[in-house]
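First up is the structure itself, then whatever we jot down about it.
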Amino acid sequence: MESLLIKGGVPLHGQVHISGAKNAVLPIMAATLLTREKCVIRNVPDLSDVQFMGKILESLGATVKFEDGTFTVQAAKLKGHGDYDLIRKMRGSICILGPLLGRLGKAQVSLPGGCVIGTRPIDLHLKGMRDLGAKITIEKGYVIANARRLSGTELFLGGRSGPTVLGTANVMMAAALADGVTIISSAACEPEVCDLANFLNAMGAKISGIGSPTVTIMGVKELHGVEHEVIPDRIEAATFAIAAAATNGEVQIKGARADHMHAVLDKLGECGVKLERNGPDLTVKRGSRLKPVDITTLPYSGFPTDCQAQMMALMALTPGLSIITERIFESRFMHVPELARLGADISIEGPSAIIKGGRPLSGAPIMASDLRASAALVIAGMAAKGSTQVNRIYHLDRGYEKIDTKLQKLGARIERVEGE
Ligand code: EPU
């Protein structure tokens with residue numbers, strides 16, 4: 001298994017280009033199943049999750065091609081069920097349920113499992129499909145959904161932690177081809193959901209209220225092929241911004257959508273990080289002295305859970321007491337014991353992590369547990385004294401395009417090696 005070997009203590013300097021957003025492209029790839037016509041998606045990041053989703057679409061009968069950041073799909077013929085094991089392995093694959101049900105009136109999709117960040121139920125996805133008129137059963141590890149016709153309705157998609165991102169995506173895709181009007185209340189407002197809605201509208205769907213908690217979808221008979229460019233990855237951009245601050249560097253983040261990053265930029269500013277916006281570029285520079293902050297993760301436009309781990313690495317380096325409260329995923333603190341191996345002083349009290357920052361970090365072998373935890377460990381390793389080996393980096397390759405090459409270009413001493 002591959003690892004990253006990092007020699008810490010080098011400030012990051014230079015420019016980095018932001019890739020297309022993983023969490024926008026995965027549901028958009030699923031949405032291509034809603035038409036027989038060819039769809040062309042540009043600015044697609046080369047990630048293992050994207051390759052995996054491509055395989056799932058192929059297993060459903062679609063023809064796919066992925067070359068130089070452009071993903072071409074044509075699902076002229078479509079099966080209602082794909083490869084059980086392929087679908088089960090990737091959480092994001094649940095968003096094929098809505099398109100299959102919308103186009104074929106039936107779907108058989110393996111239940112995605114829980115994962116280290118939480119149990120990750122899909123009850124809200126299923127509730128949404130039932131409200132649209134689908135009959136749903138769970139049999140032998142499959143979700144089996146049938147509906148002769150889906151009918152538009154008013155439905156509420158809020159759960160115990162607020163809206164659901166992929167649940168909103170799923171219901172929007174199914175409702176695009178339903179009879180009549182669907183109104184989703186407590187819809188997710190994430191930019192990735194908006195990108196999907198814009199993609200669907202370009203295909204001929206009639207969706208309004210995009211980016212608000214009330215989304216209205218007027219069902220249409222048919223959708224057509226389309227070309228679309230995926231939005232930049234706000235989580236990747238935030239990760240590089242935090243890395244620049246943590247290493248005491250200065251980085252120009254090219255092609256970021258700062259307007260999708262208000263909560264993160266606001267907290268970085270509160271920490272004392274210097275930020276300069278220039279059109280689509282963002283320059284990030286560590287201020288003279290960092291200050292501790294309190295953060296609570298929330299649905300968009302609040303502070304994103306996908307940046308919580310990276311921010312914790314920065315707070316571990318910041319003198320003073322910071323508190324980070326995780327309100328979206330109940331066990332998204334797997335990075336805490338690994339940061340402790342580097343010398344960080346962090347304790348967990350219920351949903352909150354209490355960080356006594358400012359202790360010197362020193363390199364050690366550490367283990368990545370999930371995508372964003374891995375990014376946090378890389379940031380901490382780059383700021384620590386000595387060598388850090390981050391093991392199990394396949395998590396990173398799921399969601400960060402060529403992160404080691406991008407960091408090397410910024411001056412980081414980081415290389416891929418065979419590891420545990
Ligand atoms: N939830 C339910 N029932 C459901 C669905 C969700 O109770 O049916 C709960 C979840 O357990 C969680 C909350 O609702 O407590 C929000 O979960 P959500 O459904 O919004 O998460 P998701 O759609 O499965 C996407 C991203 C995640 C990101 C979350 C939150 C993709 C492929 N995944 O997941 O991304 O953390 O939204 O913003 O879009 C990542 O990129 O590292 C990642 C985990």
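In the structure tokens, the first chain shown is A, the next is B, and so on; residue numbers restart at 1 for each chain, and ligands run from 1 in the order shown.
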Could you pull out the residues sitting within 8 Å of ligand 1, using only C-alpha atoms and all ligand atoms, and write them as a PyMOL selection string? chain A and resi 22-24+26-27+91-92+117-126+159-167+188+190+192+235+299-300+304-306+327-330+370-372+399
May I have all residues of region 123-282 of chain A that DSSP, computed from the backbone, assigns to alpha helix (DSSP H), given as a PyMOL selection string? chain A and resi 123-131+165-176+191-202+234-246+262-271
Nearest to Ala62 (chain A), chosen from A:Ala21, A:Leu339, A:Ile41, A:Leu33, with only C-alpha atoms counted in the distances: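 Smallest separation from Ala62 (chain A) among the options: A:Leu33.
With only C-alpha atoms as the atoms that count, the residue of A:Ala309, A:Glu349, A:Asp404, A:Leu223 with the shortest distance to Met334 (chain A) is A:Ala309.
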All residues 9 Å or closer to Thr239 (chain A), only C-alpha atoms, same chain fewer than 2 positions away omitted, as a PDB file with all heavy atoms, in the first residue's frame:
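Here's the written file around-v5.pdb:
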```
ATOM      1  N   ARG A 234     -14.390  23.506  -3.801  1.00  0.00           N
ATOM      2  CA  ARG A 234     -14.190  24.475  -2.699  1.00  0.00           C
ATOM      3  C   ARG A 234     -13.453  23.820  -1.524  1.00  0.00           C
ATOM      4  O   ARG A 234     -12.782  24.499  -0.753  1.00  0.00           O
ATOM      5  CB  ARG A 234     -15.539  25.071  -2.248  1.00  0.00           C
ATOM      6  CG  ARG A 234     -16.468  24.054  -1.634  1.00  0.00           C
ATOM      7  CD  ARG A 234     -17.892  24.564  -1.449  1.00  0.00           C
ATOM      8  NE  ARG A 234     -18.779  23.444  -1.169  1.00  0.00           N
ATOM      9  CZ  ARG A 234     -19.269  23.164   0.027  1.00  0.00           C
ATOM     10  NH1 ARG A 234     -18.993  23.932   1.046  1.00  0.00           N
ATOM     11  NH2 ARG A 234     -20.079  22.121   0.206  1.00  0.00           N
ATOM     12  N   ILE A 235     -13.586  22.502  -1.383  1.00  0.00           N
ATOM     13  CA  ILE A 235     -12.921  21.835  -0.252  1.00  0.00           C
ATOM     14  C   ILE A 235     -11.426  21.691  -0.551  1.00  0.00           C
ATOM     15  O   ILE A 235     -10.580  21.869   0.325  1.00  0.00           O
ATOM     16  CB  ILE A 235     -13.567  20.456   0.031  1.00  0.00           C
ATOM     17  CG1 ILE A 235     -15.092  20.588   0.182  1.00  0.00           C
ATOM     18  CG2 ILE A 235     -12.922  19.802   1.256  1.00  0.00           C
ATOM     19  CD1 ILE A 235     -15.568  21.447   1.334  1.00  0.00           C
ATOM     20  N   GLU A 236     -11.091  21.404  -1.813  1.00  0.00           N
ATOM     21  CA  GLU A 236      -9.665  21.348  -2.181  1.00  0.00           C
ATOM     22  C   GLU A 236      -9.037  22.734  -1.982  1.00  0.00           C
ATOM     23  O   GLU A 236      -7.943  22.869  -1.422  1.00  0.00           O
ATOM     24  CB  GLU A 236      -9.496  20.893  -3.647  1.00  0.00           C
ATOM     25  CG  GLU A 236      -8.034  20.643  -3.981  1.00  0.00           C
ATOM     26  CD  GLU A 236      -7.733  20.632  -5.485  1.00  0.00           C
ATOM     27  OE1 GLU A 236      -8.536  21.148  -6.283  1.00  0.00           O
ATOM     28  OE2 GLU A 236      -6.651  20.137  -5.844  1.00  0.00           O
ATOM     29  N   ALA A 237      -9.747  23.777  -2.450  1.00  0.00           N
ATOM     30  CA  ALA A 237      -9.215  25.144  -2.315  1.00  0.00           C
ATOM     31  C   ALA A 237      -8.999  25.486  -0.841  1.00  0.00           C
ATOM     32  O   ALA A 237      -7.960  26.040  -0.459  1.00  0.00           O
ATOM     33  CB  ALA A 237     -10.174  26.138  -2.967  1.00  0.00           C
ATOM     34  N   ALA A 241      -5.581  26.440   1.252  1.00  0.00           N
ATOM     35  CA  ALA A 241      -5.515  27.690   2.027  1.00  0.00           C
ATOM     36  C   ALA A 241      -5.043  27.385   3.454  1.00  0.00           C
ATOM     37  O   ALA A 241      -4.167  28.074   3.998  1.00  0.00           O
ATOM     38  CB  ALA A 241      -6.885  28.365   2.048  1.00  0.00           C
ATOM     39  N   ILE A 242      -5.602  26.338   4.048  1.00  0.00           N
ATOM     40  CA  ILE A 242      -5.234  25.980   5.423  1.00  0.00           C
ATOM     41  C   ILE A 242      -3.772  25.511   5.456  1.00  0.00           C
ATOM     42  O   ILE A 242      -3.009  25.848   6.363  1.00  0.00           O
ATOM     43  CB  ILE A 242      -6.209  24.898   5.973  1.00  0.00           C
ATOM     44  CG1 ILE A 242      -7.629  25.479   6.072  1.00  0.00           C
ATOM     45  CG2 ILE A 242      -5.737  24.366   7.325  1.00  0.00           C
ATOM     46  CD1 ILE A 242      -8.732  24.464   6.325  1.00  0.00           C
ATOM     47  N   ALA A 243      -3.361  24.764   4.424  1.00  0.00           N
ATOM     48  CA  ALA A 243      -1.969  24.273   4.362  1.00  0.00           C
ATOM     49  C   ALA A 243      -0.995  25.446   4.259  1.00  0.00           C
ATOM     50  O   ALA A 243       0.078  25.430   4.890  1.00  0.00           O
ATOM     51  CB  ALA A 243      -1.802  23.327   3.177  1.00  0.00           C
ATOM     52  N   ALA A 244      -1.360  26.476   3.488  1.00  0.00           N
ATOM     53  CA  ALA A 244      -0.486  27.654   3.361  1.00  0.00           C
ATOM     54  C   ALA A 244      -0.311  28.312   4.727  1.00  0.00           C
ATOM     55  O   ALA A 244       0.805  28.651   5.127  1.00  0.00           O
ATOM     56  CB  ALA A 244      -1.089  28.641   2.364  1.00  0.00           C
ATOM     57  N   CYS A 307     -14.108  20.351   5.957  1.00  0.00           N
ATOM     58  CA  CYS A 307     -12.887  21.117   6.265  1.00  0.00           C
ATOM     59  C   CYS A 307     -12.542  21.067   7.749  1.00  0.00           C
ATOM     60  O   CYS A 307     -11.599  21.720   8.192  1.00  0.00           O
ATOM     61  CB  CYS A 307     -13.069  22.586   5.867  1.00  0.00           C
ATOM     62  SG  CYS A 307     -13.181  22.810   4.101  1.00  0.00           S
ATOM     63  N   GLN A 310      -8.958  19.421   8.617  1.00  0.00           N
ATOM     64  CA  GLN A 310      -7.839  20.268   8.194  1.00  0.00           C
ATOM     65  C   GLN A 310      -7.702  21.465   9.138  1.00  0.00           C
ATOM     66  O   GLN A 310      -6.598  21.864   9.506  1.00  0.00           O
ATOM     67  CB  GLN A 310      -8.066  20.781   6.753  1.00  0.00           C
ATOM     68  CG  GLN A 310      -8.255  19.715   5.694  1.00  0.00           C
ATOM     69  CD  GLN A 310      -9.704  19.324   5.522  1.00  0.00           C
ATOM     70  OE1 GLN A 310     -10.406  19.055   6.480  1.00  0.00           O
ATOM     71  NE2 GLN A 310     -10.164  19.257   4.283  1.00  0.00           N
ATOM     72  N   MET A 311      -8.862  22.042   9.536  1.00  0.00           N
ATOM     73  CA  MET A 311      -8.830  23.207  10.423  1.00  0.00           C
ATOM     74  C   MET A 311      -8.308  22.804  11.799  1.00  0.00           C
ATOM     75  O   MET A 311      -7.640  23.595  12.470  1.00  0.00           O
ATOM     76  CB  MET A 311     -10.261  23.756  10.516  1.00  0.00           C
ATOM     77  CG  MET A 311     -10.351  25.170  10.859  1.00  0.00           C
ATOM     78  SD  MET A 311      -9.604  26.249   9.601  1.00  0.00           S
ATOM     79  CE  MET A 311      -9.775  27.798  10.458  1.00  0.00           C
ATOM     80  N   ARG A 372     -10.816  13.331   4.398  1.00  0.00           N
ATOM     81  CA  ARG A 372     -10.444  14.649   4.932  1.00  0.00           C
ATOM     82  C   ARG A 372      -9.483  14.521   6.122  1.00  0.00           C
ATOM     83  O   ARG A 372      -8.655  15.405   6.342  1.00  0.00           O
ATOM     84  CB  ARG A 372     -11.687  15.449   5.321  1.00  0.00           C
ATOM     85  CG  ARG A 372     -12.740  15.526   4.215  1.00  0.00           C
ATOM     86  CD  ARG A 372     -12.222  16.123   2.921  1.00  0.00           C
ATOM     87  NE  ARG A 372     -13.211  16.006   1.840  1.00  0.00           N
ATOM     88  CZ  ARG A 372     -12.985  16.330   0.575  1.00  0.00           C
ATOM     89  NH1 ARG A 372     -11.802  16.772   0.185  1.00  0.00           N
ATOM     90  NH2 ARG A 372     -13.931  16.185  -0.334  1.00  0.00           N
ATOM     91  N   ALA A 375      -6.096  14.497   4.663  1.00  0.00           N
ATOM     92  CA  ALA A 375      -5.617  15.835   4.296  1.00  0.00           C
ATOM     93  C   ALA A 375      -5.098  16.562   5.533  1.00  0.00           C
ATOM     94  O   ALA A 375      -4.066  17.244   5.483  1.00  0.00           O
ATOM     95  CB  ALA A 375      -6.742  16.629   3.638  1.00  0.00           C
ATOM     96  N   ALA A 376      -5.796  16.377   6.667  1.00  0.00           N
ATOM     97  CA  ALA A 376      -5.368  17.028   7.916  1.00  0.00           C
ATOM     98  C   ALA A 376      -4.000  16.504   8.337  1.00  0.00           C
ATOM     99  O   ALA A 376      -3.147  17.270   8.797  1.00  0.00           O
ATOM    100  CB  ALA A 376      -6.394  16.762   9.021  1.00  0.00           C
ATOM    101  N   ILE A 379      -1.277  18.025   6.234  1.00  0.00           N
ATOM    102  CA  ILE A 379      -1.011  19.410   6.656  1.00  0.00           C
ATOM    103  C   ILE A 379      -0.159  19.419   7.927  1.00  0.00           C
ATOM    104  O   ILE A 379       0.854  20.123   8.020  1.00  0.00           O
ATOM    105  CB  ILE A 379      -2.342  20.174   6.883  1.00  0.00           C
ATOM    106  CG1 ILE A 379      -3.067  20.372   5.545  1.00  0.00           C
ATOM    107  CG2 ILE A 379      -2.112  21.511   7.588  1.00  0.00           C
ATOM    108  CD1 ILE A 379      -4.482  20.924   5.662  1.00  0.00           C
TER     109      ILE A 379
END
```
List the spatial neighbours of Glu418 (chain A) as a list in words - criterion: any atom at most 8 Å away, only C-alpha atoms, same-chain residues fewer than 6 positions off excluded. Met1, Glu2 and Ser3 of chain A
Quick one: residues within 12 Å of Arg392 (chain A), only C-alpha atoms, excluding same-chain residues fewer than 4 positions away - as a list in words? Met1, Glu2, Ser3, Leu4, Leu5, Pro365, Ile366, Met367, Ala368, Ser369, Asp370, Leu371, Ala373, Ser374, Ala375, Leu377, Val378, Leu396, Asp397, Arg398, Arg416, Val417, Glu418, Gly419 and Glu420 of chain A
List the neighbours of Thr214 (chain A) out to 10 Å using only C-alpha atoms; skip same-chain residues closer than 5 positions along the sequence, and give me the result as a ChimeraX atom specification. /A:155-156,183-189,208-209
Can you write just those residues out, all heavy atoms, as a PDB file, in the first residue's frame?
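Result went into selection.pdb, see below:
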```pdb
ATOM      1  N   LEU A 155     -42.654  17.605  -0.436  1.00  0.00           N
ATOM      2  CA  LEU A 155     -42.003  16.711   0.511  1.00  0.00           C
ATOM      3  C   LEU A 155     -40.944  17.426   1.327  1.00  0.00           C
ATOM      4  O   LEU A 155     -40.331  18.387   0.874  1.00  0.00           O
ATOM      5  CB  LEU A 155     -41.439  15.473  -0.205  1.00  0.00           C
ATOM      6  CG  LEU A 155     -40.427  15.643  -1.325  1.00  0.00           C
ATOM      7  CD1 LEU A 155     -39.025  15.513  -0.783  1.00  0.00           C
ATOM      8  CD2 LEU A 155     -40.680  14.555  -2.376  1.00  0.00           C
ATOM      9  N   PHE A 156     -40.752  16.905   2.556  1.00  0.00           N
ATOM     10  CA  PHE A 156     -39.818  17.512   3.511  1.00  0.00           C
ATOM     11  C   PHE A 156     -38.617  16.593   3.650  1.00  0.00           C
ATOM     12  O   PHE A 156     -38.766  15.414   3.928  1.00  0.00           O
ATOM     13  CB  PHE A 156     -40.531  17.684   4.861  1.00  0.00           C
ATOM     14  CG  PHE A 156     -39.627  18.208   5.945  1.00  0.00           C
ATOM     15  CD1 PHE A 156     -39.228  19.535   5.935  1.00  0.00           C
ATOM     16  CD2 PHE A 156     -39.185  17.380   6.963  1.00  0.00           C
ATOM     17  CE1 PHE A 156     -38.384  20.025   6.930  1.00  0.00           C
ATOM     18  CE2 PHE A 156     -38.349  17.868   7.959  1.00  0.00           C
ATOM     19  CZ  PHE A 156     -37.947  19.195   7.943  1.00  0.00           C
ATOM     20  N   ILE A 183     -42.166  19.845  -4.778  1.00  0.00           N
ATOM     21  CA  ILE A 183     -41.555  20.927  -3.990  1.00  0.00           C
ATOM     22  C   ILE A 183     -40.811  20.285  -2.822  1.00  0.00           C
ATOM     23  O   ILE A 183     -41.421  19.601  -1.992  1.00  0.00           O
ATOM     24  CB  ILE A 183     -42.612  21.933  -3.478  1.00  0.00           C
ATOM     25  CG1 ILE A 183     -43.358  22.537  -4.675  1.00  0.00           C
ATOM     26  CG2 ILE A 183     -41.958  23.032  -2.634  1.00  0.00           C
ATOM     27  CD1 ILE A 183     -44.528  23.419  -4.303  1.00  0.00           C
ATOM     28  N   ILE A 184     -39.485  20.460  -2.824  1.00  0.00           N
ATOM     29  CA  ILE A 184     -38.679  19.913  -1.722  1.00  0.00           C
ATOM     30  C   ILE A 184     -38.477  21.010  -0.696  1.00  0.00           C
ATOM     31  O   ILE A 184     -37.924  22.063  -1.026  1.00  0.00           O
ATOM     32  CB  ILE A 184     -37.282  19.441  -2.204  1.00  0.00           C
ATOM     33  CG1 ILE A 184     -37.389  18.488  -3.392  1.00  0.00           C
ATOM     34  CG2 ILE A 184     -36.491  18.812  -1.065  1.00  0.00           C
ATOM     35  CD1 ILE A 184     -36.032  18.033  -3.958  1.00  0.00           C
ATOM     36  N   SER A 185     -38.925  20.790   0.564  1.00  0.00           N
ATOM     37  CA  SER A 185     -38.527  21.743   1.602  1.00  0.00           C
ATOM     38  C   SER A 185     -37.414  21.143   2.432  1.00  0.00           C
ATOM     39  O   SER A 185     -37.276  19.934   2.524  1.00  0.00           O
ATOM     40  CB  SER A 185     -39.644  22.205   2.532  1.00  0.00           C
ATOM     41  OG  SER A 185     -40.792  21.534   2.316  1.00  0.00           O
ATOM     42  N   SER A 186     -36.605  22.039   3.014  1.00  0.00           N
ATOM     43  CA  SER A 186     -35.356  21.674   3.695  1.00  0.00           C
ATOM     44  C   SER A 186     -34.395  20.992   2.714  1.00  0.00           C
ATOM     45  O   SER A 186     -33.728  20.009   3.057  1.00  0.00           O
ATOM     46  CB  SER A 186     -35.624  20.775   4.907  1.00  0.00           C
ATOM     47  OG  SER A 186     -34.492  20.769   5.728  1.00  0.00           O
ATOM     48  N   ALA A 187     -34.362  21.528   1.499  1.00  0.00           N
ATOM     49  CA  ALA A 187     -33.404  21.016   0.503  1.00  0.00           C
ATOM     50  C   ALA A 187     -31.998  21.497   0.875  1.00  0.00           C
ATOM     51  O   ALA A 187     -31.835  22.552   1.484  1.00  0.00           O
ATOM     52  CB  ALA A 187     -33.765  21.565  -0.881  1.00  0.00           C
ATOM     53  N   ALA A 188     -30.983  20.705   0.502  1.00  0.00           N
ATOM     54  CA  ALA A 188     -29.595  21.128   0.737  1.00  0.00           C
ATOM     55  C   ALA A 188     -29.264  22.278  -0.214  1.00  0.00           C
ATOM     56  O   ALA A 188     -29.727  22.298  -1.361  1.00  0.00           O
ATOM     57  CB  ALA A 188     -28.651  19.955   0.507  1.00  0.00           C
ATOM     58  N   CYS A 189     -28.464  23.230   0.280  1.00  0.00           N
ATOM     59  CA  CYS A 189     -28.134  24.437  -0.509  1.00  0.00           C
ATOM     60  C   CYS A 189     -26.680  24.421  -0.973  1.00  0.00           C
ATOM     61  O   CYS A 189     -26.178  25.443  -1.455  1.00  0.00           O
ATOM     62  CB  CYS A 189     -28.354  25.683   0.335  1.00  0.00           C
ATOM     63  SG  CYS A 189     -30.015  25.792   0.997  1.00  0.00           S
ATOM     64  N   SER A 208     -36.455  25.282 -10.143  1.00  0.00           N
ATOM     65  CA  SER A 208     -36.266  26.656  -9.671  1.00  0.00           C
ATOM     66  C   SER A 208     -36.039  26.640  -8.154  1.00  0.00           C
ATOM     67  O   SER A 208     -36.257  25.612  -7.506  1.00  0.00           O
ATOM     68  CB  SER A 208     -37.463  27.526 -10.041  1.00  0.00           C
ATOM     69  OG  SER A 208     -38.632  26.955  -9.505  1.00  0.00           O
ATOM     70  N   GLY A 209     -35.582  27.780  -7.624  1.00  0.00           N
ATOM     71  CA  GLY A 209     -35.271  27.856  -6.190  1.00  0.00           C
ATOM     72  C   GLY A 209     -33.907  27.249  -5.900  1.00  0.00           C
ATOM     73  O   GLY A 209     -33.584  26.942  -4.745  1.00  0.00           O
TER      74      GLY A 209
END
```
